[in-house]
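Participant: One structure is given below, represented as structure tokens, and several questions about it will come after.
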There are 2 protein chains.
Amino acid sequence: MLTFTEMIQHPSQWLDASGPFSDIVYSSRIRLARNLKKIPFSHRANDDELRTVFLQAKEAAHETQLLKDALILDLGELDSLDRRVLAERHLISNQMVELYHNRGLVVTPGETLSVMINEEDHFRLQAITSGFNLNEAYEKVNQLDDELGSRLEYAFHDQWGYLTACPTNVGTGMRASVLIHLPGLFITREIDTLIKKIAKKGFVVRGLYGEGSDVKGNFFQISNQQTLGISELETLERLEKYTRELIEQEKAARDRVFQEAKNEIEDKIWRAYGTLKYAHILNSDNMMNLCSLVRLGISSNWIKETDTSRLNELLVFAQPAHLQRLQGQPLNVDERDVIRAKLVRENLDREN
Amino acid sequence: MLTFTEMIQHPSQWLDASGPFSDIVYSSRIRLARNLKKIPFSHRANDDELRTVFLQAKEAAHETQLLKDALILDLGELDSLDRRVLAERHLISNQMVELYHNRGLVVTPGETLSVMINEEDHFRLQAITSGFNLNEAYEKVNQLDDELGSRLEYAFHDQWGYLTACPTNVGTGMRASVLIHLPGLFITREIDTLIKKIAKKGFVVRGLYGEGSDVKGNFFQISNQQTLGISELETLERLEKYTRELIEQEKAARDRVFQEAKNEIEDKIWRAYGTLKYAHILNSDNMMNLCSLVRLGISSNWIKETDTSRLNELLVFAQPAHLQRLQGQPLNVDERDVIRAKLVRENLDREN
């Protein structure tokens, strides 16, 4: 059985860049919001009620095929650093780092499937896959939903669909997203226009860590806003379509950049690689921007010393809580920048 | 017998960083201005007279011990690119690149000893040594002066000393200089004050390529101004003293920087190394500044992947004319920046 410590020492499986278009799409993710009938939503539930939700989830999880090997964590039993580690792994929300009493997490080895317990909703089922692979994520989370749904009594309204704590999730309760890397469109300055177009179609564009996070390193999270009056499949179809368009536009932008300023971009990319490989102080923004260029360089077959999975892993392991866990002690910002640089130096290349 | 082509394919011997304090002092150089009696100074001499000077120099050179293996070049027989190569090797002046008719160069294998013929003066004898080694340079150039002086009738005035084309050289006719690398004093912002102090003492501070060249990469050429009413030995003693003081001040500055901002300077140095190692476009200024940091890193025992002699050599071989000679064709500025980066990538590390 996997322990928490073992889990966080290893990269999440979906970081392995094995999925389709993983040179452009970092990950695909689907999250379903579900709640139990007869128990108030988490923010209104008392301790006993929250405990009941947690226990029911645990019991149901044990009975499922998909979660039978999963790790079940009581967030109240973890320290705040470990909770932040989970948030950096996209397994719990930032809110749960602070609001952890009677909150839990069920997570499979490899972390492709997980369930947040007593976040905004009683359950948030999540599937993450590598690259552009919404279908696989949807299939997995759907299977998990079936398995759990047959054991738990979900709050469901014939007309409205799944009932959720926040009205914006009512209906399908589904949030589908892709995390996409668009350095080409950033360089050609097309990105803002395209982002605005997508926003007009009812999709939300955010940074690497979702709600409230800035866009860094040209990583954009694109997710659906609408959950009511639209089916899951229609939502997925539309997100698929916009993502596919963005991939094509990104490829065209890269081609254009490589044609018009090959030397300049090659120079930028290799300097970024050299800097990552040798820097002794690396703040988070600087690292993200350098990784963005190196990722582009790998995708263009210029850089063969490292690969996309290495960079994906570093993006997680160089986050503040991971660094402090790695070092086994609290670190201030300056110390983190030094340890981050060391981590990157030692892990950037494949041979290491 | 050495050919011109062979010579310029190899680095000058004094670039090998074998001399004292060569982590701080790039080179020591002494130049003596000498003229023949009865023949007008070069700028007033006609073709026949210039030819006579050249022929007499050739003949005398053949008879000496020190120049018997030397290469004797007629600058009029070289193309302008090759003349620029010689200027980049500190063997002829920039003026001689353009004014080459009946001008010549005698240069020993290794290029530690040379004689410019029909520059401003009929003869300019030069000795360059690695590091801080004015004595060796003086001994060599002095021996050469004795050997040539016994064969050529120098213009010498009992009261004034050696007569030269420009009054500023009359007397000893000697210009002694050190080329010193002062990144520590640049970082601590002490450099300007110290430079002004030296200038007040009658010494001139210039850039890497002497008169009219900018200070780049924290390389400073310091040379005496006075040649009249002061002996060679006194001049050398004073230059020795100021250089020794600068070395001490530079060391103290480095210690202070390393103590007060070790991480920051280490980061800067390693980023510079990474950038040099991977850049695909490298203009001259950028290269000089990066090399300056890497040189500091080698001197501080942080960087062991490369050494000072590599950097010394690159500073010469990455100059425009050398790059074009290497590539075998004329290159515009943008092309040079690409070839320069390639040269540095391929030659920065010792193992290459």
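In the structure tokens, chains take the letters A, B, ... in the order shown, each chain's residues start at 1, and ligands count up from 1 in the order shown.
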Find the residues around Ser299 in chain B up to 10 Å (only C-alpha atoms counted), leave out those fewer than 4 positions away in its own chain, and share them as a ChimeraX atom specification.
Facilitator: /B:21-24,293-295,303-304,307-308
Participant: Output the contact residues of chain B with respect to chain A at a cut-off of 6 Å, based on only C-alpha atoms, as a PDB file with all heavy atoms, in the first residue's frame.
Facilitator:
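File written: part.pdb
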```
ATOM      1  N   ASP B 267      25.546  32.974  -8.674  1.00  0.00           N
ATOM      2  CA  ASP B 267      24.470  32.810  -9.653  1.00  0.00           C
ATOM      3  C   ASP B 267      24.797  33.529 -10.953  1.00  0.00           C
ATOM      4  O   ASP B 267      24.665  32.971 -12.038  1.00  0.00           O
ATOM      5  CB  ASP B 267      23.170  33.351  -9.050  1.00  0.00           C
ATOM      6  CG  ASP B 267      21.991  33.229 -10.010  1.00  0.00           C
ATOM      7  OD1 ASP B 267      21.717  32.104 -10.468  1.00  0.00           O
ATOM      8  OD2 ASP B 267      21.359  34.256 -10.306  1.00  0.00           O
ATOM      9  N   TRP B 270      27.598  31.659 -12.851  1.00  0.00           N
ATOM     10  CA  TRP B 270      27.179  30.405 -13.483  1.00  0.00           C
ATOM     11  C   TRP B 270      26.186  30.643 -14.617  1.00  0.00           C
ATOM     12  O   TRP B 270      26.176  29.931 -15.612  1.00  0.00           O
ATOM     13  CB  TRP B 270      26.605  29.451 -12.437  1.00  0.00           C
ATOM     14  CG  TRP B 270      27.700  28.723 -11.702  1.00  0.00           C
ATOM     15  CD1 TRP B 270      28.084  28.909 -10.405  1.00  0.00           C
ATOM     16  CD2 TRP B 270      28.565  27.704 -12.231  1.00  0.00           C
ATOM     17  NE1 TRP B 270      29.126  28.070 -10.100  1.00  0.00           N
ATOM     18  CE2 TRP B 270      29.448  27.309 -11.189  1.00  0.00           C
ATOM     19  CE3 TRP B 270      28.677  27.089 -13.477  1.00  0.00           C
ATOM     20  CZ2 TRP B 270      30.426  26.331 -11.366  1.00  0.00           C
ATOM     21  CZ3 TRP B 270      29.657  26.106 -13.647  1.00  0.00           C
ATOM     22  CH2 TRP B 270      30.513  25.736 -12.604  1.00  0.00           C
ATOM     23  N   ARG B 271      25.325  31.650 -14.451  1.00  0.00           N
ATOM     24  CA  ARG B 271      24.423  31.979 -15.560  1.00  0.00           C
ATOM     25  C   ARG B 271      25.240  32.434 -16.771  1.00  0.00           C
ATOM     26  O   ARG B 271      24.912  32.105 -17.912  1.00  0.00           O
ATOM     27  CB  ARG B 271      23.445  33.087 -15.160  1.00  0.00           C
ATOM     28  CG  ARG B 271      22.290  32.586 -14.329  1.00  0.00           C
ATOM     29  CD  ARG B 271      21.429  33.752 -13.835  1.00  0.00           C
ATOM     30  NE  ARG B 271      20.375  33.262 -12.991  1.00  0.00           N
ATOM     31  CZ  ARG B 271      19.064  33.334 -13.282  1.00  0.00           C
ATOM     32  NH1 ARG B 271      18.673  33.921 -14.385  1.00  0.00           N
ATOM     33  NH2 ARG B 271      18.166  32.851 -12.460  1.00  0.00           N
ATOM     34  N   GLY B 274      26.632  29.357 -18.348  1.00  0.00           N
ATOM     35  CA  GLY B 274      25.571  28.645 -19.069  1.00  0.00           C
ATOM     36  C   GLY B 274      25.196  29.345 -20.360  1.00  0.00           C
ATOM     37  O   GLY B 274      24.935  28.702 -21.381  1.00  0.00           O
ATOM     38  N   THR B 275      25.168  30.656 -20.310  1.00  0.00           N
ATOM     39  CA  THR B 275      24.806  31.420 -21.504  1.00  0.00           C
ATOM     40  C   THR B 275      25.891  31.287 -22.571  1.00  0.00           C
ATOM     41  O   THR B 275      25.597  31.026 -23.743  1.00  0.00           O
ATOM     42  CB  THR B 275      24.581  32.901 -21.134  1.00  0.00           C
ATOM     43  OG1 THR B 275      23.613  32.957 -20.087  1.00  0.00           O
ATOM     44  CG2 THR B 275      24.085  33.692 -22.327  1.00  0.00           C
ATOM     45  N   TYR B 278      25.766  27.925 -24.299  1.00  0.00           N
ATOM     46  CA  TYR B 278      24.614  27.538 -25.113  1.00  0.00           C
ATOM     47  C   TYR B 278      24.077  28.611 -26.052  1.00  0.00           C
ATOM     48  O   TYR B 278      23.228  28.311 -26.878  1.00  0.00           O
ATOM     49  CB  TYR B 278      23.483  27.041 -24.202  1.00  0.00           C
ATOM     50  CG  TYR B 278      23.794  25.709 -23.584  1.00  0.00           C
ATOM     51  CD1 TYR B 278      24.231  25.607 -22.269  1.00  0.00           C
ATOM     52  CD2 TYR B 278      23.699  24.531 -24.334  1.00  0.00           C
ATOM     53  CE1 TYR B 278      24.557  24.380 -21.705  1.00  0.00           C
ATOM     54  CE2 TYR B 278      24.018  23.306 -23.782  1.00  0.00           C
ATOM     55  CZ  TYR B 278      24.439  23.241 -22.465  1.00  0.00           C
ATOM     56  OH  TYR B 278      24.759  22.026 -21.926  1.00  0.00           O
ATOM     57  N   ALA B 279      24.562  29.843 -25.927  1.00  0.00           N
ATOM     58  CA  ALA B 279      24.013  30.908 -26.778  1.00  0.00           C
ATOM     59  C   ALA B 279      24.236  30.582 -28.256  1.00  0.00           C
ATOM     60  O   ALA B 279      25.215  29.939 -28.619  1.00  0.00           O
ATOM     61  CB  ALA B 279      24.666  32.241 -26.437  1.00  0.00           C
ATOM     62  N   HIS B 280      23.320  31.012 -29.081  1.00  0.00           N
ATOM     63  CA  HIS B 280      23.441  30.833 -30.528  1.00  0.00           C
ATOM     64  C   HIS B 280      23.647  32.155 -31.260  1.00  0.00           C
ATOM     65  O   HIS B 280      23.863  32.185 -32.459  1.00  0.00           O
ATOM     66  CB  HIS B 280      22.213  30.093 -31.079  1.00  0.00           C
ATOM     67  CG  HIS B 280      22.343  28.605 -30.948  1.00  0.00           C
ATOM     68  ND1 HIS B 280      22.575  27.990 -29.739  1.00  0.00           N
ATOM     69  CD2 HIS B 280      22.317  27.611 -31.875  1.00  0.00           C
ATOM     70  CE1 HIS B 280      22.658  26.680 -29.936  1.00  0.00           C
ATOM     71  NE2 HIS B 280      22.509  26.430 -31.209  1.00  0.00           N
ATOM     72  N   ILE B 281      23.528  33.240 -30.528  1.00  0.00           N
ATOM     73  CA  ILE B 281      23.864  34.566 -31.056  1.00  0.00           C
ATOM     74  C   ILE B 281      24.645  35.275 -29.950  1.00  0.00           C
ATOM     75  O   ILE B 281      24.176  35.330 -28.808  1.00  0.00           O
ATOM     76  CB  ILE B 281      22.605  35.391 -31.400  1.00  0.00           C
ATOM     77  CG1 ILE B 281      21.794  34.711 -32.508  1.00  0.00           C
ATOM     78  CG2 ILE B 281      22.979  36.808 -31.806  1.00  0.00           C
ATOM     79  CD1 ILE B 281      20.503  35.450 -32.855  1.00  0.00           C
TER      80      ILE B 281
END
```
Participant: Would you compute the distance between CA of Asp74 in chain B and CA of Leu15 in chain B? Give it in Å to one decimal.
Facilitator: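 Calculated distance between CA of Asp74 in chain B and CA of Leu15 in chain B is 24.8 Å.
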Participant: As a ChimeraX atom specification, please: every residue in range 15-149 of chain A that a backbone DSSP assignment puts in alpha helix (DSSP H).
Facilitator: /A:47-63,80-88,94-98,134-149
Participant: Restricting the output to C-alpha atoms, write the selected residues as an mmCIF file, in the first residue's frame.
Facilitator:
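selection.cif, written as the output of this step:
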```
data_model
loop_
_atom_site.group_PDB
_atom_site.id
_atom_site.type_symbol
_atom_site.label_atom_id
_atom_site.label_comp_id
_atom_site.auth_asym_id
_atom_site.auth_seq_id
_atom_site.Cartn_x
_atom_site.Cartn_y
_atom_site.Cartn_z
ATOM 1 C CA ASP A 47 -18.663 18.667 12.298
ATOM 2 C CA ASP A 48 -20.805 15.578 12.671
ATOM 3 C CA GLU A 49 -22.271 16.020 9.235
ATOM 4 C CA LEU A 50 -18.854 16.601 7.666
ATOM 5 C CA ARG A 51 -17.590 13.496 9.456
ATOM 6 C CA THR A 52 -20.518 11.519 8.078
ATOM 7 C CA VAL A 53 -19.710 12.636 4.552
ATOM 8 C CA PHE A 54 -16.069 11.676 5.058
ATOM 9 C CA LEU A 55 -16.952 8.241 6.469
ATOM 10 C CA GLN A 56 -19.454 7.484 3.730
ATOM 11 C CA ALA A 57 -16.888 8.451 1.112
ATOM 12 C CA LYS A 58 -14.266 6.237 2.711
ATOM 13 C CA GLU A 59 -16.619 3.283 2.864
ATOM 14 C CA ALA A 60 -17.768 3.722 -0.709
ATOM 15 C CA ALA A 61 -14.185 4.127 -1.924
ATOM 16 C CA HIS A 62 -13.124 0.850 -0.327
ATOM 17 C CA GLU A 63 -15.890 -0.921 -2.199
ATOM 18 C CA SER A 80 0.091 22.615 6.501
ATOM 19 C CA LEU A 81 3.215 21.997 4.411
ATOM 20 C CA ASP A 82 1.901 18.611 3.317
ATOM 21 C CA ARG A 83 -1.456 20.116 2.437
ATOM 22 C CA ARG A 84 0.349 22.652 0.296
ATOM 23 C CA VAL A 85 2.237 19.821 -1.373
ATOM 24 C CA LEU A 86 -1.113 18.286 -2.307
ATOM 25 C CA ALA A 87 -2.348 21.594 -3.702
ATOM 26 C CA GLU A 88 0.822 21.905 -5.772
ATOM 27 C CA ASN A 94 -5.946 26.153 -2.227
ATOM 28 C CA GLN A 95 -8.944 26.681 0.053
ATOM 29 C CA MET A 96 -8.471 23.203 1.507
ATOM 30 C CA VAL A 97 -4.931 24.073 2.575
ATOM 31 C CA GLU A 98 -6.488 26.402 5.152
ATOM 32 C CA LEU A 134 -10.191 14.718 -22.428
ATOM 33 C CA ASN A 135 -11.868 11.492 -23.494
ATOM 34 C CA GLU A 136 -9.727 9.307 -21.314
ATOM 35 C CA ALA A 137 -10.165 11.671 -18.395
ATOM 36 C CA TYR A 138 -13.894 11.723 -18.967
ATOM 37 C CA GLU A 139 -14.126 7.963 -19.249
ATOM 38 C CA LYS A 140 -12.220 7.494 -16.012
ATOM 39 C CA VAL A 141 -14.067 10.063 -13.970
ATOM 40 C CA ASN A 142 -17.334 8.764 -15.381
ATOM 41 C CA GLN A 143 -16.534 5.228 -14.314
ATOM 42 C CA LEU A 144 -15.611 6.498 -10.882
ATOM 43 C CA ASP A 145 -18.837 8.497 -10.758
ATOM 44 C CA ASP A 146 -20.792 5.352 -11.628
ATOM 45 C CA GLU A 147 -19.018 3.322 -8.992
ATOM 46 C CA LEU A 148 -19.455 5.925 -6.287
ATOM 47 C CA GLY A 149 -22.934 6.958 -7.423
#
```
Participant: To one decimal place in Å, what is the distance between CA of Leu331 in chain B and CA of Gln319 in chain B?
Facilitator: 11.8 Å
Participant: Which residues in range 153-222 of chain B does DSSP call strand (DSSP E or B)? List them as a PDB file with C-alpha atoms, in the first residue's frame.
Facilitator:
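The resulting file, out_22.pdb, is shown below:
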```pdb
ATOM      1  CA  TYR B 154      69.259  54.477 -34.232  1.00  0.00           C
ATOM      2  CA  PHE B 156      69.556  58.973 -30.528  1.00  0.00           C
ATOM      3  CA  HIS B 157      70.211  62.316 -28.912  1.00  0.00           C
ATOM      4  CA  GLY B 161      67.352  60.130 -25.700  1.00  0.00           C
ATOM      5  CA  TYR B 162      65.659  58.201 -28.490  1.00  0.00           C
ATOM      6  CA  GLY B 171      63.275  59.857 -24.367  1.00  0.00           C
ATOM      7  CA  MET B 174      59.149  53.037 -24.085  1.00  0.00           C
ATOM      8  CA  ARG B 175      55.528  52.270 -23.511  1.00  0.00           C
ATOM      9  CA  ALA B 176      54.984  49.660 -20.814  1.00  0.00           C
ATOM     10  CA  SER B 177      51.521  48.357 -20.131  1.00  0.00           C
ATOM     11  CA  VAL B 178      49.550  45.745 -18.288  1.00  0.00           C
ATOM     12  CA  LEU B 179      46.134  44.523 -19.302  1.00  0.00           C
ATOM     13  CA  ILE B 180      44.296  43.872 -16.092  1.00  0.00           C
ATOM     14  CA  HIS B 181      40.880  42.365 -15.341  1.00  0.00           C
ATOM     15  CA  PHE B 203      49.426  56.653 -16.395  1.00  0.00           C
ATOM     16  CA  VAL B 204      46.785  56.120 -19.040  1.00  0.00           C
ATOM     17  CA  VAL B 205      43.859  53.769 -18.731  1.00  0.00           C
ATOM     18  CA  ARG B 206      42.259  52.342 -21.868  1.00  0.00           C
ATOM     19  CA  GLY B 207      40.341  49.319 -23.150  1.00  0.00           C
ATOM     20  CA  GLY B 210      44.583  50.274 -26.479  1.00  0.00           C
ATOM     21  CA  PHE B 219      39.596  44.759 -18.946  1.00  0.00           C
ATOM     22  CA  PHE B 220      41.765  47.819 -18.420  1.00  0.00           C
ATOM     23  CA  GLN B 221      45.011  48.587 -20.173  1.00  0.00           C
ATOM     24  CA  ILE B 222      47.268  50.698 -18.011  1.00  0.00           C
TER      25      ILE B 222
END
```
Participant: Name the residues in contact with Leu113 in chain B at a cut-off of 9 Å, using only C-alpha atoms, excluding same-chain residues fewer than 2 positions from it; report them as a PyMOL selection string.
Facilitator: chain B and resi 66-67+70+106-111+115+125-128+137+140-141+144
Participant: Using Å and a single decimal, report how far CA of Glu305 in chain A sits from CA of Leu348 in chain A.
Facilitator: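 That distance, rounded to one decimal, is 8.4 Å.
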Participant: Please provide as a count of residues only all residues within 10 Å of Gln327 in chain A, with the sequence filter that same-chain residues fewer than 5 positions apart are discarded (counting only C-alpha atoms).
Facilitator: 4
Participant: Calculated over only C-alpha atoms, which of the candidates A:Glu240, A:Asp349, A:Asp16, A:Asp255 has the smallest distance to Asn224 in chain A?
Facilitator: A:Glu240
Participant: For Ala155 in chain B, which residue out of B:Asn46, B:Thr193, B:Asn35, B:Ser114 is the nearest one, using only C-alpha atoms?
Facilitator: B:Asn35
